[in-house]
file start.cif (mmCIF, C-alpha atoms)
data_query
loop_
_atom_site.label_atom_id
_atom_site.label_comp_id
_atom_site.auth_asym_id
_atom_site.auth_seq_id
_atom_site.Cartn_x
_atom_site.Cartn_y
_atom_site.Cartn_z
CA MET A 1 102.06 166.34 271.49
CA MET A 2 100.54 168.46 274.32
CA PRO A 3 98.14 165.84 275.86
CA ARG A 4 100.95 163.32 276.33
CA PHE A 5 103.30 165.94 277.72
CA LYS A 6 100.70 167.17 280.21
CA THR A 7 100.03 163.58 281.36
CA LEU A 8 103.70 162.92 282.05
CA LEU A 9 104.07 166.28 283.82
CA MET A 10 101.11 165.57 286.09
CA SER A 11 102.49 162.13 286.89
CA ALA A 12 105.86 163.63 287.77
CA THR A 13 104.23 166.23 290.03
CA SER A 14 102.15 163.59 291.84
CA ALA A 15 105.20 161.47 292.34
CA ILE A 16 107.12 164.42 293.83
CA VAL A 17 104.27 165.14 296.26
CA ALA A 18 104.06 161.49 297.24
CA ALA A 19 107.79 161.36 297.71
CA GLY A 20 107.62 164.38 300.00
CA ALA A 21 104.84 162.79 302.09
CA SER A 22 106.85 159.65 302.61
CA ALA A 23 110.16 161.34 303.15
CA GLN A 24 110.61 159.71 306.44
CA SER A 25 110.27 156.17 305.03
CA ALA A 26 112.20 156.57 301.77
CA SER A 27 115.79 157.34 301.31
CA ILE A 28 117.06 160.40 299.41
CA GLU A 29 118.80 158.11 296.92
CA ASP A 30 115.54 156.39 295.96
CA ARG A 31 113.76 159.67 295.39
CA ILE A 32 116.58 160.99 293.17
CA SER A 33 116.56 157.81 291.11
CA THR A 34 112.81 158.06 290.60
CA LEU A 35 113.04 161.69 289.47
CA GLU A 36 115.91 160.94 287.09
CA ALA A 37 113.90 158.17 285.46
CA MET A 38 110.91 160.47 285.00
CA VAL A 39 113.08 163.25 283.48
CA ALA A 40 114.57 160.73 281.06
CA ASP A 41 111.07 159.69 280.01
CA LEU A 42 110.15 163.35 279.42
CA LYS A 43 113.27 163.92 277.26
CA ALA A 44 112.50 160.86 275.14
CA GLU A 45 108.91 161.99 274.67
CA LEU A 46 109.95 165.50 273.61
CA ALA A 47 112.53 164.12 271.16
CA ALA A 48 109.88 161.93 269.54
CA GLU A 49 107.56 164.92 269.20
CA ARG A 50 110.29 166.99 267.58
CA GLU A 51 110.90 164.26 265.01
CA ASP A 52 107.18 164.24 264.18
CA ILE A 53 107.23 168.03 263.67
CA VAL A 54 110.29 167.84 261.39
CA ARG A 55 108.62 165.12 259.30
CA LEU A 56 105.47 167.23 258.94
CA GLU A 57 107.47 170.31 257.94
CA THR A 58 109.43 168.30 255.38
CA ARG A 59 106.27 166.90 253.84
CA SER A 60 104.75 170.40 253.71
CA GLU A 61 107.82 171.82 251.99
CA GLU A 62 107.81 168.98 249.45
CA ALA A 63 104.14 169.65 248.79
CA ILE A 64 104.83 173.37 248.23
CA GLN A 65 107.66 172.59 245.83
CA THR A 66 105.47 170.15 243.92
CA VAL A 67 102.67 172.69 243.55
CA THR A 68 105.13 175.41 242.49
CA GLY A 69 106.63 173.10 239.92
CA LEU A 70 103.19 172.34 238.51
CA ARG A 71 102.39 176.05 238.29
CA GLU A 72 105.64 176.80 236.45
CA ARG A 73 105.21 173.90 234.06
CA THR A 74 103.52 175.49 231.04
CA GLY A 75 104.69 173.12 228.31
CA PHE A 76 103.76 169.64 227.19
CA ASN A 77 105.89 166.65 226.33
CA VAL A 78 106.34 165.20 222.85
CA GLY A 79 108.72 162.28 223.09
CA ASP A 80 111.81 163.48 224.96
CA ALA A 81 111.17 167.14 224.18
CA THR A 82 109.15 169.69 226.14
CA LEU A 83 107.22 172.11 223.93
CA SER A 84 105.67 175.42 224.93
CA PHE A 85 103.94 178.10 222.92
CA GLY A 86 102.72 181.64 223.38
CA GLY A 87 102.31 185.02 221.76
CA PHE A 88 99.73 187.76 221.61
CA VAL A 89 96.76 189.02 219.63
CA ASP A 90 97.28 192.67 218.69
CA PHE A 91 94.94 195.27 217.19
CA ASP A 92 96.17 198.74 216.23
CA ALA A 93 94.20 201.74 214.99
CA HIS A 94 96.33 204.53 213.45
CA VAL A 95 95.41 208.05 212.41
CA THR A 96 98.36 209.33 210.40
CA SER A 97 98.92 212.89 209.18
CA LEU A 98 101.69 213.64 206.66
CA SER A 99 102.83 217.16 205.84
CA ASP A 100 104.28 216.41 202.40
CA GLY A 101 102.89 213.36 200.69
CA ALA A 102 101.01 210.09 201.14
CA PHE A 103 101.63 206.39 201.73
CA SER A 104 100.44 203.82 199.18
CA ALA A 105 97.45 201.68 200.13
CA ASN A 106 99.38 198.57 201.22
CA SER A 107 102.62 200.20 202.33
CA VAL A 108 104.20 198.80 205.48
CA VAL A 109 104.71 202.36 206.77
CA ARG A 110 100.98 202.42 207.46
CA ASP A 111 101.61 199.78 210.16
CA PHE A 112 104.63 201.21 212.00
CA TYR A 113 107.06 204.12 211.87
CA ILE A 114 109.94 203.87 209.37
CA PRO A 115 111.94 207.14 209.59
CA GLY A 116 113.47 207.09 206.12
CA ALA A 117 110.06 206.62 204.47
CA THR A 118 108.48 209.90 205.61
CA PRO A 119 107.60 211.64 202.31
CA THR A 120 108.78 215.12 201.34
CA GLY A 121 107.76 217.59 198.66
CA GLY A 122 104.10 216.67 198.24
CA GLU A 123 100.64 217.56 199.44
CA GLY A 124 99.62 216.80 203.01
CA THR A 125 97.27 213.89 203.73
CA THR A 126 95.53 212.25 206.70
CA THR A 127 94.49 208.57 206.79
CA THR A 128 93.02 206.09 209.26
CA ASP A 129 94.09 202.42 209.29
CA PHE A 130 93.06 199.36 211.31
CA THR A 131 95.42 196.38 211.45
CA ALA A 132 96.01 193.14 213.35
CA GLU A 133 99.19 192.17 211.48
CA ALA A 134 101.43 192.60 214.53
CA THR A 135 99.76 189.53 216.09
CA ARG A 136 102.54 187.12 217.06
CA PHE A 137 103.04 183.43 217.78
CA TYR A 138 106.05 181.45 218.99
CA LEU A 139 106.91 177.80 219.65
CA ASP A 140 109.76 176.63 221.92
CA GLY A 141 111.19 173.14 222.24
CA THR A 142 113.64 171.99 224.92
CA GLN A 143 115.42 168.67 225.15
CA SER A 144 118.43 167.13 226.90
CA ILE A 145 120.83 165.51 224.43
CA ASP A 146 123.92 163.76 225.83
CA GLY A 147 123.73 165.92 228.95
CA ARG A 148 123.39 169.17 227.00
CA LYS A 149 120.35 171.43 227.10
CA VAL A 150 119.17 172.07 223.55
CA THR A 151 116.47 174.64 222.83
CA GLY A 152 114.77 175.54 219.57
CA HIS A 153 112.68 178.68 219.00
CA ILE A 154 110.39 179.66 216.10
CA GLU A 155 108.55 183.00 216.04
CA LEU A 156 106.11 184.37 213.46
CA ASP A 157 103.96 187.44 212.88
CA PHE A 158 102.06 188.86 209.89
CA LEU A 159 103.75 192.19 209.19
CA LEU A 160 105.50 193.01 205.89
CA SER A 161 103.36 190.45 204.06
CA ALA A 162 103.40 190.79 200.27
CA GLN A 163 100.43 188.45 199.96
CA GLY A 164 97.53 190.32 201.54
CA ASN A 165 95.62 193.46 200.68
CA GLN A 166 92.73 195.44 202.14
CA ARG A 167 90.16 194.77 199.42
CA VAL A 168 88.26 191.70 200.66
CA SER A 169 89.82 189.15 202.99
CA ASN A 170 92.95 190.88 204.37
CA SER A 171 94.72 187.52 204.18
CA TYR A 172 98.25 188.24 205.30
CA ALA A 173 100.91 185.54 205.20
CA PRO A 174 102.96 184.78 208.30
CA ARG A 175 106.60 185.90 208.19
CA LEU A 176 109.64 184.51 209.97
CA ARG A 177 110.87 186.73 212.81
CA ARG A 178 113.21 184.43 214.73
CA ALA A 179 114.28 180.80 214.33
CA TYR A 180 117.30 179.53 216.22
CA LEU A 181 118.95 176.60 217.97
CA ASP A 182 120.49 177.20 221.41
CA ILE A 183 123.00 174.80 223.03
CA ASP A 184 123.67 175.11 226.78
CA GLY A 185 123.04 178.85 226.60
CA LYS A 186 126.46 179.29 224.99
CA TRP A 187 125.95 178.69 221.27
CA ARG A 188 123.07 180.20 219.32
CA ILE A 189 122.68 179.38 215.63
CA GLY A 190 119.92 180.67 213.37
CA GLN A 191 117.95 183.88 212.86
CA GLU A 192 117.96 186.08 215.95
CA TRP A 193 118.31 189.67 217.16
CA SER A 194 121.69 191.05 216.15
CA THR A 195 124.35 190.89 218.84
CA PHE A 196 124.93 194.59 218.14
CA GLN A 197 121.49 195.34 219.63
CA ASN A 198 120.39 195.34 223.29
CA THR A 199 116.67 194.53 223.09
CA SER A 200 116.03 195.67 226.69
CA ALA A 201 116.62 199.24 225.46
CA ILE A 202 113.54 199.12 223.18
CA PRO A 203 110.97 201.59 224.57
CA GLU A 204 107.52 200.37 225.56
CA SER A 205 104.88 201.60 223.13
CA ALA A 206 101.30 201.18 221.97
CA SER A 207 102.40 200.78 218.34
CA PHE A 208 104.58 197.98 216.98
CA LEU A 209 107.79 200.02 217.09
CA ILE A 210 108.62 203.55 218.24
CA LEU A 211 111.70 205.83 218.33
CA SER A 212 113.30 203.76 215.58
CA ASP A 213 115.31 206.75 214.23
CA GLY A 214 118.40 206.25 216.40
CA MET A 215 117.63 202.68 217.44
CA ILE A 216 119.91 199.78 216.62
CA PHE A 217 117.41 197.26 215.27
CA GLU A 218 118.28 194.16 213.28
CA ARG A 219 117.29 190.50 213.09
CA GLN A 220 119.26 188.15 210.85
CA ALA A 221 121.01 184.80 210.53
CA LEU A 222 124.02 184.51 212.82
CA LEU A 223 126.37 182.27 214.77
CA ARG A 224 126.89 183.53 218.34
CA TYR A 225 129.03 182.37 221.26
CA THR A 226 128.32 183.57 224.81
CA ASN A 227 130.73 183.23 227.72
CA GLY A 228 129.57 185.01 230.86
CA PRO A 229 129.13 188.71 230.06
CA TRP A 230 130.91 188.40 226.70
CA GLN A 231 129.29 187.66 223.35
CA PHE A 232 130.97 187.16 219.97
CA ALA A 233 129.14 186.64 216.70
CA LEU A 234 129.45 186.21 212.96
CA GLU A 235 126.36 187.65 211.29
CA ASN A 236 124.93 187.81 207.80
CA GLY A 237 126.74 190.42 205.71
CA ASN A 238 124.66 192.60 203.41
CA ALA A 239 125.42 196.16 202.32
CA THR A 240 123.06 198.91 201.17
CA VAL A 241 124.68 201.37 198.77
CA THR A 242 123.66 204.75 197.37
CA PRO A 243 124.14 204.60 193.55
CA LEU A 244 124.96 207.60 191.34
CA THR A 245 121.28 208.00 190.48
CA GLY A 246 120.27 208.15 194.17
CA GLY A 247 117.99 205.82 196.06
CA ARG A 248 119.20 202.47 197.36
CA LEU A 249 121.05 199.50 195.91
CA GLU A 250 121.23 196.26 197.87
CA ALA A 251 124.75 194.93 197.35
CA ASP A 252 124.69 191.29 198.40
CA GLY A 253 128.28 190.54 197.42
CA ASN A 254 129.88 190.17 200.85
CA VAL A 255 132.54 187.51 201.32
CA ILE A 256 133.30 188.27 204.97
CA PRO A 257 130.43 188.09 207.48
CA ASP A 258 129.78 190.99 209.85
CA VAL A 259 131.75 190.56 213.09
CA VAL A 260 130.26 191.70 216.41
CA ALA A 261 131.62 191.71 219.97
CA ARG A 262 129.57 192.75 222.99
CA TYR A 263 130.01 193.07 226.77
CA ASN A 264 126.96 192.98 229.08
CA HIS A 265 126.92 194.23 232.65
CA THR A 266 123.90 193.60 234.88
CA GLY A 267 123.26 194.63 238.48
CA ASP A 268 120.75 196.15 240.85
CA PHE A 269 120.93 199.32 238.73
CA GLY A 270 119.61 197.51 235.63
CA ASN A 271 121.82 196.60 232.66
CA VAL A 272 124.18 198.23 230.18
CA SER A 273 125.88 196.82 227.08
CA PHE A 274 128.86 197.94 225.03
CA ALA A 275 129.16 196.58 221.49
CA ALA A 276 131.40 196.94 218.44
CA ILE A 277 130.82 195.86 214.85
CA ALA A 278 133.12 195.52 211.83
CA ARG A 279 131.64 195.12 208.34
CA GLN A 280 132.70 194.48 204.78
CA LEU A 281 130.74 196.69 202.34
CA ARG A 282 131.16 195.07 198.94
CA LEU A 283 129.50 195.81 195.59
CA GLU A 284 129.84 193.36 192.72
CA THR A 285 127.96 194.06 189.48
CA GLY A 286 129.24 192.32 186.38
CA THR A 287 132.84 193.42 185.85
CA VAL A 288 132.69 196.04 188.64
CA GLU A 289 133.92 194.95 192.05
CA GLU A 290 134.37 197.54 194.78
CA GLU A 291 134.57 197.29 198.55
CA THR A 292 135.24 199.26 201.70
CA PHE A 293 134.91 198.55 205.40
CA GLY A 294 132.59 199.95 208.00
CA TRP A 295 132.49 199.96 211.77
CA GLY A 296 130.26 201.01 214.65
CA LEU A 297 130.28 201.39 218.42
CA SER A 298 127.28 201.43 220.72
CA ALA A 299 126.28 201.74 224.38
CA SER A 300 122.75 200.83 225.39
CA GLY A 301 120.69 199.57 228.29
CA ARG A 302 117.92 200.00 230.80
CA LEU A 303 118.56 201.82 234.09
CA LYS A 304 116.29 201.61 237.12
CA VAL A 305 115.18 204.94 238.58
CA GLY A 306 113.49 204.89 241.97
CA LYS A 307 111.27 201.94 242.85
CA LYS A 308 109.46 201.42 239.55
CA ASP A 309 110.67 203.85 236.88
CA ASP A 310 113.34 203.12 234.30
CA ILE A 311 115.35 204.94 231.64
CA ARG A 312 116.06 203.16 228.34
CA PHE A 313 118.80 204.43 226.06
CA ASN A 314 120.83 203.65 222.98
CA LEU A 315 123.84 205.62 221.68
CA ALA A 316 125.73 204.66 218.53
CA GLY A 317 128.14 206.05 215.98
CA GLY A 318 130.44 204.90 213.21
CA GLU A 319 130.98 204.63 209.49
CA GLY A 320 128.99 202.24 207.35
CA MET A 321 126.51 201.12 210.03
CA GLY A 322 123.80 201.43 207.39
CA ARG A 323 120.91 199.00 207.94
CA TYR A 324 121.86 198.35 211.58
CA ILE A 325 120.44 201.67 212.79
CA GLY A 326 117.35 203.72 212.00
CA LEU A 327 115.71 200.90 209.97
CA ASN A 328 118.21 201.70 207.21
CA ALA A 329 117.38 205.41 207.14
CA PHE A 330 120.89 205.89 205.69
CA ASN A 331 122.79 203.49 203.44
CA GLY A 332 126.05 201.90 204.46
CA ALA A 333 128.11 203.35 201.59
CA ALA A 334 127.92 205.54 198.49
CA ILE A 335 129.50 205.25 195.03
CA ASP A 336 132.07 207.91 194.23
CA PRO A 337 131.16 209.46 190.85
CA ILE A 338 134.81 210.05 189.91
CA ASP A 339 136.42 206.64 190.29
CA GLY A 340 133.44 204.40 191.15
CA SER A 341 134.87 203.42 194.52
CA LEU A 342 132.76 202.94 197.66
CA GLU A 343 132.84 205.40 200.53
CA ALA A 344 131.33 204.44 203.91
CA ILE A 345 128.65 206.84 205.16
CA ALA A 346 129.26 208.16 208.69
CA SER A 347 126.31 208.44 211.04
CA TYR A 348 125.58 208.88 214.73
CA GLY A 349 122.47 208.96 216.89
CA GLY A 350 120.52 207.36 219.66
CA LEU A 351 117.38 207.38 221.75
CA ILE A 352 116.27 207.95 225.33
CA ALA A 353 112.93 206.98 226.86
CA TRP A 354 111.43 207.22 230.34
CA ARG A 355 108.91 204.69 231.66
CA HIS A 356 106.84 205.78 234.68
CA PRO A 357 104.31 203.34 236.20
CA PHE A 358 101.39 204.92 238.04
CA GLY A 359 98.22 203.65 239.67
CA GLU A 360 98.03 199.88 239.94
CA THR A 361 98.65 198.77 236.34
CA ALA A 362 99.15 201.91 234.21
CA ARG A 363 102.37 203.49 232.95
CA LEU A 364 103.45 206.57 231.04
CA ASN A 365 106.22 206.40 228.42
CA VAL A 366 107.90 209.40 226.76
CA GLY A 367 111.02 209.64 224.65
CA TYR A 368 113.16 211.17 221.89
CA SER A 369 115.23 209.60 219.12
CA GLY A 370 117.47 211.01 216.38
CA LEU A 371 119.94 209.92 213.70
CA PHE A 372 122.25 212.19 211.72
CA ALA A 373 124.38 211.45 208.63
CA ASP A 374 127.61 212.92 207.32
CA ASN A 375 126.98 212.06 203.69
CA PRO A 376 129.83 212.19 201.14
CA ASP A 377 129.75 215.09 198.68
CA SER A 378 128.80 212.63 195.96
CA VAL A 379 125.44 211.90 197.59
CA GLY A 380 122.63 213.85 195.96
CA GLY A 381 120.33 216.34 197.62
CA THR A 382 117.45 213.85 197.89
CA ALA A 383 119.36 211.68 200.39
CA SER A 384 118.29 211.82 204.03
CA LYS A 385 120.41 214.05 206.25
CA SER A 386 118.60 213.49 209.54
CA VAL A 387 115.55 211.78 211.05
CA GLN A 388 114.09 212.56 214.47
CA SER A 389 110.97 211.72 216.47
CA VAL A 390 109.31 212.14 219.87
CA TYR A 391 106.45 210.21 221.44
CA GLY A 392 104.26 209.80 224.47
CA ALA A 393 102.21 206.70 225.33
CA ILE A 394 99.92 205.56 228.14
CA LEU A 395 99.37 201.83 228.58
CA TRP A 396 96.95 200.22 231.01
CA ASP A 397 96.49 196.57 231.94
CA ILE A 398 92.72 196.33 232.32
CA ALA A 399 93.00 192.63 233.22
CA PRO A 400 95.84 190.11 233.53
CA LYS A 401 97.60 189.94 230.13
CA VAL A 402 95.15 192.40 228.54
CA THR A 403 96.59 195.85 227.70
CA LEU A 404 95.03 198.95 226.19
CA GLY A 405 97.25 201.75 224.90
CA THR A 406 97.11 205.22 223.40
CA GLU A 407 100.05 206.95 221.80
CA LEU A 408 100.99 210.16 220.01
CA MET A 409 104.21 210.45 218.01
CA ALA A 410 105.71 213.09 215.74
CA GLY A 411 108.60 212.58 213.33
CA LEU A 412 110.69 214.79 211.06
CA ARG A 413 112.86 213.83 208.07
CA GLU A 414 115.30 216.33 206.53
CA LEU A 415 117.07 215.91 203.18
CA GLU A 416 120.51 217.12 202.08
CA ASN A 417 118.89 219.75 199.84
CA GLY A 418 117.02 221.28 202.79
CA ASP A 419 113.59 219.81 202.04
CA ASP A 420 111.79 218.09 204.88
CA GLY A 421 108.62 216.24 205.70
CA SER A 422 106.86 215.43 208.95
CA ILE A 423 104.59 212.71 210.26
CA THR A 424 102.16 212.81 213.18
CA ARG A 425 100.43 209.62 214.26
CA PHE A 426 97.86 208.79 216.93
CA THR A 427 97.56 205.11 217.84
CA PHE A 428 95.06 203.12 219.87
CA SER A 429 95.98 199.51 220.59
CA SER A 430 94.66 196.47 222.40
CA LYS A 431 96.72 193.40 223.15
CA TYR A 432 96.01 190.03 224.74
CA ALA A 433 99.07 187.93 225.59
CA PHE A 434 98.86 184.16 225.99
#
call {"tool": "encode", "arguments": {"input": "start.cif", "output": "structure tokens"}}
result
Amino acid sequence: MMPRFKTLLMSATSAIVAAGASAQSASIEDRISTLEAMVADLKAELAAEREDIVRLETRSEEAIQTVTGLRERTGFNVGDATLSFGGFVDFDAHVTSLSDGAFSANSVVRDFYIPGATPTGGEGTTTTDFTAEATRFYLDGTQSIDGRKVTGHIELDFLLSAQGNQRVSNSYAPRLRRAYLDIDGKWRIGQEWSTFQNTSAIPESASFLILSDGMIFERQALLRYTNGPWQFALENGNATVTPLTGGRLEADGNVIPDVVARYNHTGDFGNVSFAAIARQLRLETGTVEEETFGWGLSASGRLKVGKKDDIRFNLAGGEGMGRYIGLNAFNGAAIDPIDGSLEAIASYGGLIAWRHPFGETARLNVGYSGLFADNPDSVGGTASKSVQSVYGAILWDIAPKVTLGTELMAGLRELENGDDGSITRFTFSSKYAF
């Protein structure tokens, strides 16, 4: 643009000088006409240059958008569907010390903390375990069908496998974590996190799961409808009952599914959810058919603190929540020894955890969790009365998508008869996400 503009400007200047030199022989009207013509030429030239600049900027913006789109496109096409996959490879090393007992060789409690499984009334033991069973894989598919966005999700890991053992090959079978169909982000059908749970409240940890005592934690088959901040769901109904002999009885006799309603609020502060659940607790064994109803309320979320820190929390209480909280540390109901009826077990608890990033890629996590039961008088002294735990973890991204972690946790389980048992576990982990 500049060379042409300079040429026209020099021509105009020369013409003005020439016009001044011949002022006596040219009329004022002629000189004005000449200048007007030159100014018009300059305006046309500048307008053309502006159009060229706009075209260049447009092409540059289109190029940027194209590149960005290519960077964000991580899937591949199969027919009309776009598939994407991901997951992580996880290795955990645990050193576990128990005050009153031991875990069996292939028990799942060697892999992650289950509050109600902490043994009581035995001799103390210390064990070291290596595992990669928390390794995870997922596959997503997205397709447009009659103008609707349809998404499918399948997610697997290798925990809780009944197939493998530690003797020779450690061949653990994959297990189904999540498998659902999503339509327009409104309807979700399949196995998914319970609507009663806010997954953003799960604390960050080096181990597979931490602070599970007072945590609402459940995945199951459900039918969920979402409309803005509101969610409503029908979820698989299944009750756990304390029989007269103690222990746990799985009463899969429900006729009415569990009903959940939830409200989500998100803002610059983070997010908070309020949820309510209503449950049928039904036991059917031969000629015996008993039922009662349970309910629960919860508030949970993740709150931003300062520029990088956050607080994660979960508070819940009700009667008959059972398996929805504390990894089923308490059952949903108990059998009355007098008339054989079911009585919902009341419980309340929660967790709070603080996440504090420091340095460039490291963060510190600390927290507390607890769950407390108000067991009926009919429940024996060996039933859990409370479970509590604390933890601290440091995680460090040593490279993009590669995380090392160390963690120390301590848990305590107390029974109705006053007996208790504790667990202390040190964990080292490494994880590569893909």
call {"tool": "closest_residue", "arguments": {"input": "start.cif", "among": "A:Gly246, A:Gly122, A:Gly405, A:Pro337", "to": "A:Asp100", "atoms": "only C-alpha atoms"}}
result
A:Gly122
call {"tool": "closest_residue", "arguments": {"input": "start.cif", "among": "A:Phe217, A:Asn331, A:Gly152, A:Ser200", "to": "A:Asn271", "atoms": "only C-alpha atoms"}}
result
A:Ser200
call {"tool": "atom_distance", "arguments": {"input": "start.cif", "atom1": "atom CA of A:Val387", "atom2": "atom CA of A:Ile311"}}
result
21.7 Å
call {"tool": "resolve_selection", "arguments": {"input": "start.cif", "expression": "the PyMOL selection byres ((chain A and resi 363) around 12)", "output": "number ranges by chain"}}
result
A: 204-206, 308-310, 354-362, 364-366, 392-397, 403-407
call {"tool": "atom_distance", "arguments": {"input": "start.cif", "atom1": "atom CA of A:Lys431", "atom2": "atom CA of A:Thr131"}}
result
12.1 Å
call {"tool": "closest_residue", "arguments": {"input": "start.cif", "among": "A:Leu160, A:Ala117, A:Ile145, A:Val95", "to": "A:Phe426", "atoms": "all atoms listed in the file"}}
result
A:Val95
call {"tool": "atom_distance", "arguments": {"input": "start.cif", "atom1": "atom CA of A:Ala221", "atom2": "atom CA of A:Asp90"}}
result
26.3 Å
call {"tool": "closest_residue", "arguments": {"input": "start.cif", "among": "A:Ala344, A:Val305, A:Met215, A:Ala233", "to": "A:Glu291", "atoms": "all atoms listed in the file"}}
result
A:Ala344
call {"tool": "resolve_selection", "arguments": {"input": "start.cif", "expression": "the PyMOL selection byres ((chain A and resi 352) around 6)", "output": "PyMOL selection string"}}
result
chain A and resi 312-313+351+353+367-368
call {"tool": "residues_around", "arguments": {"input": "start.cif", "residues": "A:Tyr138", "least_positions_apart": "6", "cutoff": "6 Å", "atoms": "only C-alpha atoms", "output": "list of chain:residue names"}}
result
A:Phe85, A:Gly86, A:Gly87, A:Ile154, A:Glu155
call {"tool": "decode", "arguments": {"input": "start.cif", "residues": "stretch 170-184 of chain A", "atoms": "N, CA, C and O atoms", "output": "short mmCIF file (atom, residue, chain, number, x, y, z; two decimals), in the first residue's frame"}}
result
data_model
loop_
_atom_site.label_atom_id
_atom_site.label_comp_id
_atom_site.auth_asym_id
_atom_site.auth_seq_id
_atom_site.Cartn_x
_atom_site.Cartn_y
_atom_site.Cartn_z
N ASN A 170 -1.55 -62.43 37.53
CA ASN A 170 -2.31 -61.22 37.90
C ASN A 170 -3.25 -60.78 36.79
O ASN A 170 -3.30 -59.61 36.41
N SER A 171 -3.99 -61.73 36.25
CA SER A 171 -4.87 -61.46 35.11
C SER A 171 -6.24 -61.03 35.60
O SER A 171 -7.11 -61.86 35.90
N TYR A 172 -6.45 -59.75 35.66
CA TYR A 172 -7.70 -59.21 36.20
C TYR A 172 -8.64 -58.84 35.07
O TYR A 172 -8.25 -58.18 34.10
N ALA A 173 -9.89 -59.22 35.21
CA ALA A 173 -10.89 -58.97 34.18
C ALA A 173 -11.36 -57.52 34.24
O ALA A 173 -11.46 -56.94 35.32
N PRO A 174 -11.64 -56.93 33.09
CA PRO A 174 -12.21 -55.57 33.10
C PRO A 174 -13.62 -55.59 33.69
O PRO A 174 -14.35 -56.57 33.58
N ARG A 175 -14.00 -54.49 34.34
CA ARG A 175 -15.34 -54.37 34.90
C ARG A 175 -16.01 -53.13 34.33
O ARG A 175 -15.35 -52.14 33.98
N LEU A 176 -17.31 -53.16 34.26
CA LEU A 176 -18.08 -52.03 33.75
C LEU A 176 -18.20 -50.96 34.82
O LEU A 176 -18.70 -51.22 35.92
N ARG A 177 -17.74 -49.75 34.51
CA ARG A 177 -17.93 -48.60 35.40
C ARG A 177 -19.14 -47.79 34.96
O ARG A 177 -20.07 -47.57 35.72
N ARG A 178 -19.13 -47.33 33.73
CA ARG A 178 -20.22 -46.49 33.21
C ARG A 178 -20.54 -46.93 31.78
O ARG A 178 -19.64 -47.26 31.00
N ALA A 179 -21.81 -46.88 31.43
CA ALA A 179 -22.25 -47.19 30.06
C ALA A 179 -23.61 -46.53 29.87
O ALA A 179 -24.61 -46.98 30.43
N TYR A 180 -23.65 -45.45 29.10
CA TYR A 180 -24.91 -44.73 28.98
C TYR A 180 -25.09 -44.14 27.59
O TYR A 180 -24.15 -44.01 26.80
N LEU A 181 -26.35 -43.80 27.32
CA LEU A 181 -26.76 -43.10 26.10
C LEU A 181 -27.26 -41.73 26.50
O LEU A 181 -28.08 -41.61 27.42
N ASP A 182 -26.78 -40.69 25.82
CA ASP A 182 -27.16 -39.31 26.13
C ASP A 182 -27.80 -38.70 24.89
O ASP A 182 -27.26 -38.79 23.79
N ILE A 183 -28.97 -38.06 25.06
CA ILE A 183 -29.70 -37.45 23.95
C ILE A 183 -29.86 -35.96 24.21
O ILE A 183 -30.53 -35.55 25.16
N ASP A 184 -29.19 -35.16 23.38
CA ASP A 184 -29.29 -33.69 23.45
C ASP A 184 -28.93 -33.13 24.82
O ASP A 184 -29.35 -32.03 25.18
#
